[in-house]
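Participant: This is final_25.txt (compact mmCIF, C-alpha atoms).
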```
# COMPACT_ATOMS: atom_id res chain seq x y z
CA MET X 1 0.00 0.00 0.00
CA ASP X 2 1.34 3.43 -0.98
CA ASN X 3 1.18 5.56 2.15
CA LYS X 4 2.22 8.70 0.25
CA ILE X 5 -1.14 9.17 -1.45
CA THR X 6 -2.69 12.59 -0.87
CA ASP X 7 -5.34 12.26 1.84
CA THR X 8 -7.81 15.15 2.10
CA SER X 9 -10.13 13.53 4.62
CA TYR X 10 -8.87 16.02 7.25
CA GLN X 11 -11.17 18.60 5.63
CA GLN X 12 -14.22 16.85 7.10
CA LYS X 13 -13.31 17.68 10.69
CA ARG X 14 -16.02 19.53 12.62
CA LEU X 15 -15.20 22.19 15.22
CA ASP X 16 -17.51 23.75 17.79
CA ARG X 17 -17.52 27.50 18.33
CA ASP X 18 -14.67 27.62 20.83
CA GLU X 19 -12.53 25.20 18.86
CA LEU X 20 -13.14 27.14 15.67
CA LEU X 21 -12.23 30.44 17.33
CA LYS X 22 -9.00 28.98 18.65
CA HIS X 23 -8.20 27.58 15.22
CA LEU X 24 -8.92 30.84 13.38
CA ASN X 25 -6.77 32.82 15.81
CA SER X 26 -3.79 30.49 15.52
CA PHE X 27 -3.86 29.14 11.95
CA SER X 28 -2.74 30.82 8.73
CA LEU X 29 -3.06 29.33 5.26
CA ASP X 30 0.05 28.15 3.45
CA LEU X 31 -0.35 29.68 0.00
CA LYS X 32 1.17 26.99 -2.21
CA MET X 33 0.51 28.89 -5.43
CA SER X 34 0.56 27.09 -8.75
CA VAL X 35 0.55 28.08 -12.42
CA GLY X 36 -0.81 26.31 -15.52
CA ILE X 37 1.69 26.00 -18.34
CA TRP X 38 -1.12 26.09 -20.94
CA TYR X 39 -1.66 29.85 -20.67
CA PHE X 40 1.99 30.88 -20.98
CA ALA X 41 1.32 31.57 -24.66
CA PRO X 42 -2.46 31.97 -25.16
CA GLY X 43 -3.41 30.64 -28.57
CA GLY X 44 -6.25 32.92 -29.60
CA GLY X 45 -9.87 31.86 -29.80
CA ARG X 46 -12.98 31.73 -31.95
CA PHE X 47 -12.86 35.40 -32.93
CA HIS X 48 -9.21 36.45 -33.03
CA GLU X 49 -5.73 35.18 -33.70
CA ALA X 50 -3.19 34.70 -30.94
CA TYR X 51 -1.67 37.96 -29.75
CA VAL X 52 1.65 36.37 -28.78
CA GLN X 53 4.04 34.03 -30.55
CA PRO X 54 3.78 30.31 -29.75
CA LYS X 55 6.36 28.95 -27.33
CA THR X 56 7.90 25.53 -26.90
CA ILE X 57 7.57 23.64 -23.63
CA ALA X 58 11.25 24.34 -22.93
CA GLU X 59 10.65 28.08 -23.41
CA ARG X 60 7.62 27.94 -21.11
CA ILE X 61 9.58 26.11 -18.42
CA GLU X 62 12.20 28.86 -18.62
CA MET X 63 9.43 31.42 -18.08
CA ALA X 64 8.13 29.47 -15.09
CA ALA X 65 11.53 29.54 -13.44
CA ASP X 66 11.34 33.32 -13.21
CA MET X 67 8.01 33.11 -11.35
CA ALA X 68 9.55 31.68 -8.20
CA LYS X 69 10.21 35.26 -7.09
CA PHE X 70 6.43 35.75 -6.83
CA GLY X 71 6.07 32.79 -4.48
CA ILE X 72 5.05 30.21 -7.08
CA LYS X 73 5.58 26.70 -5.72
CA ALA X 74 4.11 24.43 -8.41
CA ILE X 75 3.13 24.02 -12.03
CA GLU X 76 0.31 22.08 -13.75
CA ALA X 77 0.24 20.60 -17.26
CA HIS X 78 -1.78 18.48 -19.68
CA TYR X 79 -0.66 14.98 -20.58
CA PRO X 80 0.83 14.14 -23.06
CA ASN X 81 1.03 17.38 -25.06
CA GLU X 82 2.53 19.58 -22.32
CA VAL X 83 4.16 16.99 -20.07
CA ASN X 84 5.13 13.42 -20.90
CA GLU X 85 7.79 10.81 -20.30
CA GLU X 86 10.14 12.38 -22.86
CA ASN X 87 10.08 16.00 -21.64
CA TYR X 88 9.67 15.37 -17.91
CA TYR X 89 13.37 16.11 -17.44
CA LEU X 90 12.55 19.78 -18.09
CA TYR X 91 10.20 19.79 -15.10
CA GLU X 92 12.80 17.98 -13.00
CA GLN X 93 15.30 20.66 -13.93
CA LEU X 94 12.77 23.36 -12.99
CA GLU X 95 12.30 21.79 -9.56
CA LYS X 96 16.04 21.43 -9.01
CA GLU X 97 16.76 25.05 -9.93
CA THR X 98 13.76 26.81 -8.34
CA GLY X 99 11.88 24.39 -6.08
CA ILE X 100 8.80 24.64 -8.34
CA VAL X 101 7.31 21.15 -8.54
CA LEU X 102 4.99 19.55 -11.07
CA GLN X 103 1.94 19.09 -8.86
CA SER X 104 -0.60 17.55 -11.26
CA CYS X 105 -1.35 16.42 -14.79
CA TYR X 106 -4.56 16.35 -16.80
CA PRO X 107 -5.42 14.17 -19.81
CA ALA X 108 -5.69 16.21 -23.01
CA ILE X 109 -9.06 14.77 -24.07
CA PHE X 110 -11.01 17.83 -25.16
CA PHE X 111 -9.23 19.40 -28.15
CA PRO X 112 -8.68 16.63 -30.79
CA LYS X 113 -11.36 16.31 -33.46
CA GLU X 114 -12.03 12.70 -32.42
CA TYR X 115 -13.84 14.09 -29.39
CA GLU X 116 -16.43 16.02 -31.38
CA PHE X 117 -19.16 14.05 -29.58
CA GLY X 118 -17.41 13.69 -26.24
CA SER X 119 -14.39 11.95 -24.79
CA LEU X 120 -15.01 9.55 -21.91
CA SER X 121 -18.77 9.67 -22.56
CA ASN X 122 -18.52 9.38 -26.34
CA PRO X 123 -21.07 6.83 -27.63
CA ILE X 124 -18.59 5.82 -30.38
CA LYS X 125 -16.46 3.13 -28.77
CA SER X 126 -13.20 3.74 -30.67
CA TYR X 127 -13.08 7.42 -29.69
CA ARG X 128 -14.08 6.69 -26.12
CA GLN X 129 -11.34 4.06 -25.90
CA LYS X 130 -8.77 6.56 -27.12
CA ALA X 131 -9.80 8.89 -24.30
CA ILE X 132 -9.59 6.05 -21.76
CA ASP X 133 -6.10 5.14 -23.01
CA THR X 134 -4.99 8.76 -22.60
CA LEU X 135 -6.43 8.87 -19.09
CA VAL X 136 -4.66 5.60 -18.17
CA GLY X 137 -1.39 7.04 -19.46
CA CYS X 138 -1.96 10.19 -17.41
CA LEU X 139 -2.68 8.21 -14.24
CA LYS X 140 0.40 6.03 -14.74
CA PHE X 141 2.50 9.15 -15.19
CA ALA X 142 1.02 10.77 -12.07
CA LYS X 143 1.66 7.63 -10.02
CA GLU X 144 5.20 7.09 -11.28
CA LYS X 145 6.21 10.72 -10.71
CA LYS X 146 4.39 10.88 -7.34
CA LEU X 147 2.30 13.89 -8.32
CA HIS X 148 -0.20 15.43 -5.92
CA HIS X 149 -3.16 14.35 -8.08
CA ALA X 150 -4.46 13.84 -11.58
CA GLY X 151 -7.42 15.81 -12.82
CA ILE X 152 -10.11 15.70 -15.49
CA TRP X 153 -11.80 18.67 -17.11
CA PRO X 154 -14.70 17.12 -19.07
CA GLY X 155 -15.06 20.24 -21.19
CA ILE X 156 -16.09 18.50 -24.40
CA ASP X 157 -18.41 15.98 -22.70
CA GLY X 158 -22.06 16.89 -22.49
CA TYR X 159 -24.84 17.65 -24.95
CA THR X 160 -26.34 20.25 -27.25
CA TYR X 161 -30.07 19.53 -27.20
CA SER X 162 -32.08 18.46 -24.18
CA LEU X 163 -34.54 16.51 -26.34
CA GLY X 164 -33.21 13.06 -27.07
CA THR X 165 -30.21 13.14 -24.75
CA ASN X 166 -29.83 9.83 -22.94
CA TYR X 167 -28.59 11.26 -19.65
CA TYR X 168 -28.31 7.91 -17.84
CA ASP X 169 -26.16 6.50 -20.63
CA MET X 170 -23.98 9.64 -20.85
CA TRP X 171 -23.21 9.59 -17.13
CA ASP X 172 -22.75 5.81 -17.07
CA ARG X 173 -20.23 5.86 -19.92
CA PHE X 174 -18.15 8.63 -18.37
CA GLU X 175 -18.15 7.22 -14.85
CA ALA X 176 -17.45 3.66 -16.00
CA ALA X 177 -14.53 4.92 -18.11
CA VAL X 178 -12.97 6.80 -15.20
CA ALA X 179 -13.43 3.84 -12.86
CA GLU X 180 -11.88 1.51 -15.44
CA ALA X 181 -8.80 3.72 -15.70
CA MET X 182 -8.50 4.13 -11.92
CA ASP X 183 -8.72 0.39 -11.36
CA GLU X 184 -6.02 -0.17 -13.97
CA VAL X 185 -3.80 2.35 -12.15
CA PRO X 186 -4.86 2.10 -8.48
CA GLY X 187 -3.75 4.43 -5.74
CA VAL X 188 -4.06 7.73 -7.64
CA ILE X 189 -6.49 10.46 -6.58
CA VAL X 190 -8.43 12.10 -9.41
CA ALA X 191 -10.15 15.50 -9.40
CA ILE X 192 -13.09 16.62 -11.53
CA GLU X 193 -13.45 20.26 -12.61
CA PRO X 194 -17.13 21.02 -13.34
CA LYS X 195 -18.27 23.74 -15.70
CA PRO X 196 -21.78 24.72 -16.85
CA TYR X 197 -20.95 25.18 -20.55
CA GLU X 198 -18.11 25.76 -23.06
CA PRO X 199 -17.00 24.13 -25.20
CA ALA X 200 -19.93 21.69 -24.90
CA PRO X 201 -23.13 23.79 -24.96
CA ASN X 202 -24.20 21.90 -21.82
CA ASN X 203 -21.42 20.19 -19.93
CA ILE X 204 -21.87 16.73 -18.45
CA TYR X 205 -21.26 18.01 -14.88
CA ARG X 206 -22.63 21.53 -14.75
CA THR X 207 -22.33 22.41 -11.06
CA THR X 208 -20.35 21.66 -7.91
CA ALA X 209 -23.12 19.36 -6.70
CA ASP X 210 -23.03 17.46 -10.01
CA GLY X 211 -19.30 16.93 -9.58
CA LEU X 212 -19.70 15.67 -6.02
CA ILE X 213 -22.37 13.21 -7.11
CA ALA X 214 -20.05 11.97 -9.87
CA CYS X 215 -17.27 11.49 -7.31
CA ARG X 216 -19.45 9.17 -5.25
CA ASP X 217 -20.79 7.30 -8.28
CA ILE X 218 -17.29 6.69 -9.66
CA GLU X 219 -15.96 5.50 -6.30
CA ASP X 220 -18.91 3.08 -6.07
CA ARG X 221 -17.72 1.49 -9.33
CA LEU X 222 -14.13 0.85 -8.20
CA THR X 223 -13.16 -2.80 -7.75
CA ASN X 224 -9.35 -2.89 -7.51
CA PRO X 225 -8.38 -4.18 -4.01
CA MET X 226 -5.95 -1.30 -3.44
CA ASN X 227 -8.61 1.27 -4.25
CA LYS X 228 -11.17 -0.53 -2.10
CA GLU X 229 -8.76 -0.60 0.84
CA LEU X 230 -8.02 3.10 0.52
CA LEU X 231 -11.73 3.89 0.46
CA ALA X 232 -12.26 1.68 3.52
CA ARG X 233 -9.60 3.73 5.31
CA GLY X 234 -11.59 6.87 4.53
CA VAL X 235 -9.24 8.24 1.86
CA PRO X 236 -11.23 10.02 -0.88
CA LEU X 237 -10.04 8.86 -4.31
CA MET X 238 -12.35 11.07 -6.35
CA GLY X 239 -12.41 14.75 -5.57
CA MET X 240 -12.93 18.24 -6.88
CA GLN X 241 -10.91 20.94 -8.55
CA PRO X 242 -13.40 23.82 -8.61
CA GLU X 243 -12.60 27.00 -10.48
CA ILE X 244 -13.98 30.36 -9.37
CA GLY X 245 -14.92 31.31 -12.94
CA HIS X 246 -16.83 28.09 -13.55
CA ILE X 247 -18.63 28.42 -10.22
CA ARG X 248 -19.81 31.93 -11.07
CA MET X 249 -20.74 30.97 -14.64
CA GLY X 250 -23.24 28.59 -13.05
CA GLY X 251 -24.65 31.23 -10.70
CA GLU X 252 -23.25 29.51 -7.61
CA ASP X 253 -21.90 31.28 -4.53
CA THR X 254 -18.16 30.60 -4.45
CA PRO X 255 -17.52 30.01 -0.71
CA TYR X 256 -20.68 27.89 -0.50
CA ALA X 257 -19.50 25.69 -3.37
CA ILE X 258 -16.05 25.33 -1.84
CA ALA X 259 -17.55 24.43 1.55
CA ARG X 260 -19.59 21.69 -0.14
CA CYS X 261 -16.35 20.10 -1.39
CA LEU X 262 -14.58 20.50 1.95
CA ARG X 263 -17.46 18.96 3.88
CA GLU X 264 -16.91 15.70 1.99
CA GLY X 265 -13.12 15.91 2.23
CA ARG X 266 -12.93 16.13 -1.56
CA LEU X 267 -11.19 19.45 -2.26
CA PHE X 268 -8.06 18.23 -4.07
CA ASN X 269 -7.09 21.52 -5.70
CA THR X 270 -8.44 25.03 -6.24
CA HIS X 271 -8.34 27.09 -9.43
CA TRP X 272 -8.35 30.85 -8.98
CA ASN X 273 -9.43 33.68 -11.28
CA SER X 274 -12.37 36.08 -11.42
CA GLN X 275 -15.54 36.13 -13.47
CA PRO X 276 -18.70 38.22 -13.78
CA MET X 277 -21.83 36.29 -12.84
CA GLY X 278 -22.88 34.13 -15.77
CA ASN X 279 -21.30 35.33 -19.03
CA TYR X 280 -18.73 33.38 -21.04
CA ASP X 281 -15.60 31.94 -19.42
CA GLN X 282 -13.22 34.89 -19.06
CA ASP X 283 -10.42 33.64 -16.76
CA LEU X 284 -9.68 37.15 -15.47
CA ASN X 285 -7.01 37.81 -12.88
CA VAL X 286 -7.82 37.09 -9.24
CA GLY X 287 -9.77 39.84 -7.49
CA VAL X 288 -10.29 42.23 -10.40
CA ILE X 289 -14.00 41.34 -10.30
CA GLU X 290 -15.91 40.21 -7.19
CA TRP X 291 -13.02 40.50 -4.73
CA GLN X 292 -15.32 39.53 -1.84
CA GLN X 293 -16.19 36.19 -3.46
CA ALA X 294 -12.53 35.19 -3.53
CA GLU X 295 -11.81 36.56 -0.06
CA ALA X 296 -14.80 34.76 1.48
CA MET X 297 -13.63 31.57 -0.26
CA LEU X 298 -10.23 32.00 1.36
CA PHE X 299 -11.85 32.36 4.78
CA VAL X 300 -13.78 29.12 4.23
CA LEU X 301 -10.49 27.40 3.36
CA LYS X 302 -8.96 28.76 6.54
CA MET X 303 -11.82 27.40 8.64
CA ALA X 304 -11.16 23.93 7.20
CA ALA X 305 -7.34 24.17 7.49
CA TYR X 306 -7.01 23.58 3.74
CA ASN X 307 -3.46 22.46 2.94
CA GLU X 308 -3.48 21.76 -0.80
CA TYR X 309 -2.68 24.04 -3.77
CA TYR X 310 -3.88 27.42 -5.08
CA GLY X 311 -3.72 27.22 -8.86
CA PHE X 312 -4.07 30.29 -11.05
CA ASP X 313 -6.23 29.40 -14.06
CA ILE X 314 -6.17 32.57 -16.12
CA ASN X 315 -6.05 33.74 -19.73
CA PRO X 316 -3.61 36.67 -19.96
CA GLU X 317 -4.19 37.45 -23.64
CA ARG X 318 -3.31 41.14 -23.45
CA MET X 319 -0.47 41.25 -20.94
CA PRO X 320 2.76 39.34 -20.36
CA VAL X 321 2.06 36.17 -18.39
CA GLU X 322 4.77 37.19 -15.92
CA LYS X 323 2.85 40.38 -15.12
CA ALA X 324 -0.37 38.41 -14.71
CA ILE X 325 1.27 35.99 -12.25
CA GLU X 326 2.69 38.94 -10.30
CA ILE X 327 -0.83 40.44 -10.07
CA ASN X 328 -2.49 37.17 -9.05
CA SER X 329 0.10 36.25 -6.43
CA LYS X 330 -0.04 39.75 -4.95
CA ALA X 331 -3.84 39.69 -4.80
CA LEU X 332 -3.94 36.31 -3.06
CA LYS X 333 -1.31 37.35 -0.53
CA ILE X 334 -3.23 40.55 0.27
CA MET X 335 -6.44 38.56 0.74
CA ASN X 336 -4.66 36.16 3.06
CA GLU X 337 -3.30 39.02 5.16
CA ARG X 338 -6.77 40.57 5.31
CA ILE X 339 -8.53 37.42 6.52
CA ASP X 340 -5.81 36.91 9.12
CA SER X 341 -6.59 40.38 10.48
CA LEU X 342 -10.36 39.88 10.75
CA PRO X 343 -12.07 39.99 14.19
CA ASN X 344 -12.78 36.26 14.37
CA GLU X 345 -14.69 36.40 17.65
CA LYS X 346 -17.07 39.05 16.32
CA ILE X 347 -17.61 37.04 13.14
CA LEU X 348 -18.49 33.91 15.12
CA ASP X 349 -20.71 35.89 17.48
CA ALA X 350 -22.62 37.22 14.47
CA TYR X 351 -23.25 33.66 13.29
CA PHE X 352 -23.97 31.88 16.59
CA ASP X 353 -25.89 34.76 18.22
CA PRO X 354 -27.47 36.71 15.34
CA GLU X 355 -30.21 38.28 17.53
CA ASN X 356 -27.68 40.27 19.51
CA ASN X 357 -25.29 41.04 16.67
CA ARG X 358 -27.46 42.67 14.04
CA GLY X 359 -25.34 44.49 11.46
CA SER X 360 -22.06 43.11 12.78
CA ILE X 361 -21.03 41.34 9.59
CA GLU X 362 -21.95 44.39 7.53
CA MET X 363 -19.80 46.61 9.76
CA ILE X 364 -16.90 44.16 9.57
CA LEU X 365 -17.15 44.18 5.77
CA VAL X 366 -17.22 47.98 5.70
CA ASP X 367 -14.31 48.33 8.15
CA ALA X 368 -12.30 45.86 6.07
CA MET X 369 -12.41 48.29 3.15
CA LYS X 370 -10.37 50.90 5.03
```
Mind converting the file's structure to structure tokens?

Facilitator:
Amino acid sequence: MDNKITDTSYQQKRLDRDELLKHLNSFSLDLKMSVGIWYFAPGGGRFHEAYVQPKTIAERIEMAADMAKFGIKAIEAHYPNEVNEENYYLYEQLEKETGIVLQSCYPAIFFPKEYEFGSLSNPIKSYRQKAIDTLVGCLKFAKEKKLHHAGIWPGIDGYTYSLGTNYYDMWDRFEAAVAEAMDEVPGVIVAIEPKPYEPAPNNIYRTTADGLIACRDIEDRLTNPMNKELLARGVPLMGMQPEIGHIRMGGEDTPYAIARCLREGRLFNTHWNSQPMGNYDQDLNVGVIEWQQAEAMLFVLKMAAYNEYYGFDINPERMPVEKAIEINSKALKIMNERIDSLPNEKILDAYFDPENNRGSIEMILVDAMK
């Protein structure tokens, strides 16, 4: 049994008022900030060409090395187009020179034309099998390199028209495919990143709650003895990688959604950006829109003693990626300092004794803007 597997079950711990107050007054979050190599050279979109020149993986790794000065501790990449067995030495070199580790990998199963009708849920067996094979390769890579987790963004899985969609079959195919891959490569934790829409008009797992249900359904399908033993020990094998932008696209309240994941011990990673309510996926820098959503999310993470990563998932089309990382890291550090300075006892009094603390939270929010 591999005892080094990431175990997030600690997030389920309940604290009473006095215990929570003591915890809030003594604990500070460890901001293990992470970057995604995919946005180091944004490639344009539906309506415009790329505004920057394409860059090789080696050139992107060189850019990442310079981000250590902003407090970046980790990097994330898609398998096999951004990280694989042949170019992994570049990531090893990055870690040796800067301490920045490769924390996770994600199967690249959303861009190729074979996935026009979905990847792991594709009703066409040959295309679905290709996606499963890519996921198996990703899990093997994550296990061999002892990464924090593997993740799946089912961006191309879902449907266009409500009429005629066989929802049971769609969910069954996806969940059976993930379970098959996890049983072939046991002992790897896997995160799902829900999203309401884009690129699929309606994504297969639209909300945080949908993702959590999928986590349970996939775990129920696992049969490998190692996986079964880990589950029996209370180690979550399926978890969540929620992104602020996706949460707000779906009209969800960010701290509420994050608390849902924490309550089940399934928050494997967090992806940070900002996003106007609804709208298309913008991947704006942290805090430039709805600062309070991100700050309240950070406070929820503090209450649960969250100890995993803080990944920036942005799209810096019109500024150097180095400048964007400087902005995002600065914003998150400021938020962390602000929540550490909050009057925790007054906040808890406002929750546990609302009758005698009318307006307290509003005054705390106003005072925090000084």

Participant: Name all residues at most 9 Å from Met226 of chain X (count all atoms listed in the file; drop same-chain ones fewer than 2 positions away) and give them as a PyMOL selection string.

Facilitator: chain X and resi 1+183+186-187+223-224+228-231

Participant: Need the shell around Glu59 of chain X: protein/DNA/RNA residues with any atom at most 12 Å away, counting only C-alpha atoms. Skip same-chain ones fewer than 2 positions apart. Format as a list of chain:residue names?

Facilitator: X:Ile37, X:Phe40, X:Ala41, X:Gln53, X:Pro54, X:Lys55, X:Thr56, X:Ile57, X:Ile61, X:Glu62, X:Met63, X:Ala64, X:Ala65, X:Asp66, X:Glu82, X:Leu90, X:Tyr91, X:Leu94

Participant: Each residue of segment 308-336 of chain X with at least one atom at most 12 Å from segment 4-28 of chain X should appear once, together with its nearest atom pair and the corresponding distance in Å (one decimal); atoms considered: all atoms listed in the file; ordering: chain, then increasing residue number; output as CSV.

Facilitator:
```
residue,atom,partner,partner_atom,distance
X:Glu308,CA,X:Thr8,CA,8.4
X:Tyr309,CA,X:Thr6,CA,11.8
X:Lys333,CA,X:Ser28,CA,11.4
X:Met335,CA,X:Ser28,CA,11.7
X:Asn336,CA,X:Ser28,CA,8.0
```

Participant: State, in Å with one decimal place, the distance from atom CA of Val300 of chain X to atom CA of Ile347 of chain X.

Facilitator: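 Between atom CA of Val300 of chain X and atom CA of Ile347 of chain X the gap is 12.5 Å.
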
Participant: I need the residue nearest Phe299 of chain X from this list: X:Gln275, X:Ala68, X:Glu326, X:Glu337. Use only C-alpha atoms for the distance.

Facilitator: X:Glu337

Participant: Do you have the atom CA of Tyr168 of chain X-atom CA of Thr254 of chain X distance handy?

Facilitator: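 Interatomic distance here is 28.2 Å.
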
Participant: Choose the residue, out of X:Ile334, X:Ala150, X:Met170, X:Ile361, that has the smallest atom-to-atom separation from Arg128 of chain X; count only C-alpha atoms.

Facilitator: X:Met170

Participant: One decimal, Å: what's the distance from atom CA of Gly158 of chain X over to atom CA of Ala209 of chain X, could you say?

Facilitator: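 For atom CA of Gly158 of chain X relative to atom CA of Ala209 of chain X, the distance reads 16.0 Å.
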
Participant: Could you tell me which of X:Asn203, X:Asn344, X:Gln129, X:Asn122 comes closest to Met303 of chain X if we count only C-alpha atoms?

Facilitator: X:Asn344

Participant: Would you please work out which residue, of X:Lys130, X:Lys195, X:Arg318, X:Lys96, is nearest to Gly43 of chain X when using only C-alpha atoms?

Facilitator: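 Residue with the minimum atom-to-atom distance to Gly43 of chain X: X:Arg318.
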
Participant: List as an NGL selection string: which residues have an atom within 12 Å of (-15.5, 37.8, -15.3), counting only C-alpha atoms?

Facilitator: :X and (244-249 or 272-291 or 293 or 314-315)

Participant: Considering all atoms listed in the file, return as a PyMOL selection string whatever protein or nucleic-acid residues lie within 9 Å of Trp38 of chain X, sequence-local ones (same chain, fewer than 6 positions apart) excluded.

Facilitator: chain X and resi 60+76-78+82

Participant: Hey, which of X:Met297, X:Leu267, X:Ser104, X:Ala214 ends up closest to Val188 of chain X? Count all atoms listed in the file.

Facilitator: X:Ser104

Participant: Any idea what's packed within 12 Å of Trp171 of chain X, counting all atoms listed in the file, ignoring anything in its chain fewer than 3 positions away? Could you give it as a PyMOL selection string?

Facilitator: chain X and resi 118-123+154+157-159+165-168+174-178+203-205+210-211+213-215+217-218

Participant: Residues around (2.8, 25.9, -10.7), cut-off 9 Å, counting all atoms listed in the file - what are they as a list in words?

Facilitator: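 In the file's frame, the residues around the point are Lys32, Met33, Ser34, Val35, Gly36, Ile37, Ala64, Met67, Ile72, Lys73, Ala74, Ile75, Glu76, Ala77, Ile100, Val101, Leu102, Gln103, Tyr310, Gly311 and Phe312 of chain X.
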
Participant: Please determine, counting all atoms listed in the file, which residue among X:Leu301, X:Tyr161, X:His149, X:Asp169 has the shortest atom-to-atom distance to Phe268 of chain X.

Facilitator: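 Smallest separation from Phe268 of chain X among the options: X:His149.
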
Participant: Output, as lines of an AutoDock Vina configuration file, the centre and edge lengths in Å (one decimal) of the axis-aligned box that contains all listed atoms of segment 189-197 of chain X with 6 Å of margin on each side.

Facilitator:
```
center_x = -14.1
center_y = 17.8
center_z = -13.6
size_x = 27.3
size_y = 26.7
size_z = 26.0
```

Participant: May I have the residues within 8 Å of Met240 of chain X as number ranges by chain, using all atoms listed in the file and disregarding those fewer than 3 positions away in the same chain?

Facilitator: X: 191-193, 211-212, 261, 266-269
